[in-house]
Amino acid sequence: MKNIVVLVSGGGTNLQALIDAQDSGIIQGGRITCVIASKPGVFALERAAKAGIPSRVIPRKEYPDSLSYSKAILEALNEEKADLVVLAGFMIILDECVTKAYAYKIINVHPALIPSFCGEGFYGLKVHEAALEYGVKVSGATIHFVNEKADAGAIILQGTVNVEMDDTPEILQRRIMENVEWKLLPKAVSLFCQDKIDIVDGKAYVRE
Ligand code: GAR
């Protein structure tokens, strides 16, 4: 069984999708052993507590820079013996001391079709605002490995939704979460835990 450590910063609906998938047997070969939050008091911590999953808070505010914060995260991941790290609405870009130590072992969910609307500054509702501002007719979410560049690691799964004329960022976000993120994130986690993702020339291929 692989140890899955989930990193969160907010409401944790993606964490909830992982917990529900674990409870219903969709996630095979791994179990969520720890949730780490970048802020105290976030609702994701309540979701973890309700599911009986141990949690830690490593507040970003208590560290002077990204490197010292990332070192604290790295230490926690090592202590937790993480086999897989899932960034589920984790709003902090981790330094390469973490991404190199856990190469092809960190999975992120990004709420757009990478390489569109991604990279530094594109997170949460800002992504959907940018997609609507551009006028795209299709958007979606991407599940990918995390490397040294923001949102640039190997893509594992992508899914799409249509953008409707009267969409607001909130409505589009919800449609993408419900139809793509909450389904594909648990699926990718299960594939990883069953060793069904191959890396060839820096690209990820799923063996079903
Ligand atoms: C999700 O839409 C996730 O894809 C996005 O933030 C939301 C978090 O929701 N993540 C990013 O933008 C990361 N760059 P949640 O806390 O309810 O899972």
# chains A, B, ... in the order shown; residues from 1 in each chain; ligands from 1
>>> select_by_dssp(residues="segment 70-166 of chain A", states="strand (DSSP E)", output="number ranges by chain")
A: 84-87, 106-110, 138-145, 155-162
>>> residues_near_ligand(ligand="ligand 1", cutoff="8 Å", atoms="only C-alpha atoms and all ligand atoms", output="PyMOL selection string")
chain A and resi 8-16+44+87-92+108-112+118-119+122-127+141+151+173-174+176-177+181
>>> closest_residue(among="A:Leu184, A:Val85, A:Ile114, A:Ile53", to="Val5 of chain A", atoms="only C-alpha atoms")
A:Val85
>>> residues_around(residues="Arg56 of chain A", least_positions_apart="3", cutoff="12 Å", atoms="only C-alpha atoms", output="list of chain:residue names")
A:Val5, A:Val6, A:Leu7, A:Val8, A:Ser9, A:Thr33, A:Cys34, A:Val35, A:Ile36, A:Ala37, A:Ser38, A:Lys39, A:Pro40, A:Gly41, A:Val42, A:Ala44, A:Leu45, A:Glu46, A:Ala48, A:Ala49, A:Ile53, A:Pro59, A:Ala72, A:Ile73, A:Ala76, A:Leu77, A:Glu79, A:Glu80
>>> residues_around(residues="segment 17-28 of chain A", least_positions_apart="3", cutoff="9 Å", atoms="only C-alpha atoms", output="list in words")
Met1, Gly12, Thr13, Asn14, Arg31, Ile32, Arg47, Ala48, Ala51, Glu181, Trp182, Lys183, Leu185, Pro186, Lys187, Val189, Ser190, Leu191, Cys193 and Gln194 of chain A
>>> write_last_selection(atoms="N, CA and C atoms", output="compact mmCIF listing (two decimals), in the first residue's frame")
# COMPACT_ATOMS: atom_id res chain seq x y z
N MET A 1 0.84 -1.21 0.00
CA MET A 1 0.00 0.00 0.00
C MET A 1 0.86 1.26 0.00
N GLY A 12 -10.98 22.33 0.03
CA GLY A 12 -10.71 20.89 0.00
C GLY A 12 -11.75 20.03 -0.68
N THR A 13 -12.42 20.55 -1.72
CA THR A 13 -13.39 19.67 -2.41
C THR A 13 -12.66 18.55 -3.15
N ASN A 14 -11.45 18.83 -3.62
CA ASN A 14 -10.69 17.75 -4.27
C ASN A 14 -10.22 16.72 -3.25
N ARG A 31 -3.44 4.57 0.26
CA ARG A 31 -4.42 5.16 1.19
C ARG A 31 -3.87 6.51 1.67
N ILE A 32 -4.80 7.42 1.94
CA ILE A 32 -4.40 8.76 2.39
C ILE A 32 -3.96 8.64 3.83
N ARG A 47 -12.52 18.32 6.84
CA ARG A 47 -12.83 17.13 6.03
C ARG A 47 -11.91 15.97 6.42
N ALA A 48 -10.63 16.29 6.64
CA ALA A 48 -9.66 15.25 7.03
C ALA A 48 -10.05 14.68 8.39
N ALA A 51 -12.93 12.34 8.35
CA ALA A 51 -12.60 11.05 7.73
C ALA A 51 -11.59 10.27 8.57
N GLU A 181 -12.37 17.59 -12.42
CA GLU A 181 -11.40 17.46 -11.32
C GLU A 181 -11.74 16.32 -10.36
N TRP A 182 -12.99 16.29 -9.88
CA TRP A 182 -13.36 15.31 -8.84
C TRP A 182 -13.35 13.88 -9.38
N LYS A 183 -13.37 13.74 -10.69
CA LYS A 183 -13.31 12.38 -11.27
C LYS A 183 -11.87 12.01 -11.64
N LEU A 185 -8.89 13.36 -10.74
CA LEU A 185 -7.83 13.33 -9.72
C LEU A 185 -7.80 11.97 -9.01
N PRO A 186 -8.94 11.46 -8.51
CA PRO A 186 -8.90 10.12 -7.90
C PRO A 186 -8.45 9.04 -8.88
N LYS A 187 -8.86 9.19 -10.15
CA LYS A 187 -8.46 8.19 -11.15
C LYS A 187 -6.94 8.17 -11.32
N VAL A 189 -4.70 9.19 -9.20
CA VAL A 189 -4.08 8.70 -7.96
C VAL A 189 -4.11 7.17 -7.94
N SER A 190 -5.25 6.60 -8.32
CA SER A 190 -5.36 5.14 -8.35
C SER A 190 -4.41 4.53 -9.38
N LEU A 191 -4.33 5.15 -10.55
CA LEU A 191 -3.40 4.65 -11.57
C LEU A 191 -1.96 4.67 -11.06
N CYS A 193 -0.95 4.60 -7.93
CA CYS A 193 -0.76 3.64 -6.83
C CYS A 193 -0.70 2.20 -7.35
N GLN A 194 -1.24 1.98 -8.53
CA GLN A 194 -1.14 0.63 -9.14
C GLN A 194 0.01 0.54 -10.14
>>> select_by_dssp(residues="segment 104-140 of chain A", states="alpha helix (DSSP H)", output="number ranges by chain")
A: 125-134
>>> atom_distance(atom1="atom CA of Val200 of chain A", atom2="atom CA of Ile155 of chain A")
11.9 Å
>>> residues_around(residues="Ala103 of chain A", least_positions_apart="3", cutoff="12 Å", atoms="only C-alpha atoms", output="PyMOL selection string")
chain A and resi 83-85+96-100+106-107+144-148+153-154+199+202
>>> atom_distance(atom1="atom CA of Lys203 of chain A", atom2="atom CA of Thr142 of chain A")
13.9 Å
>>> atom_distance(atom1="atom CA of Val180 of chain A", atom2="atom CA of Val161 of chain A")
7.8 Å
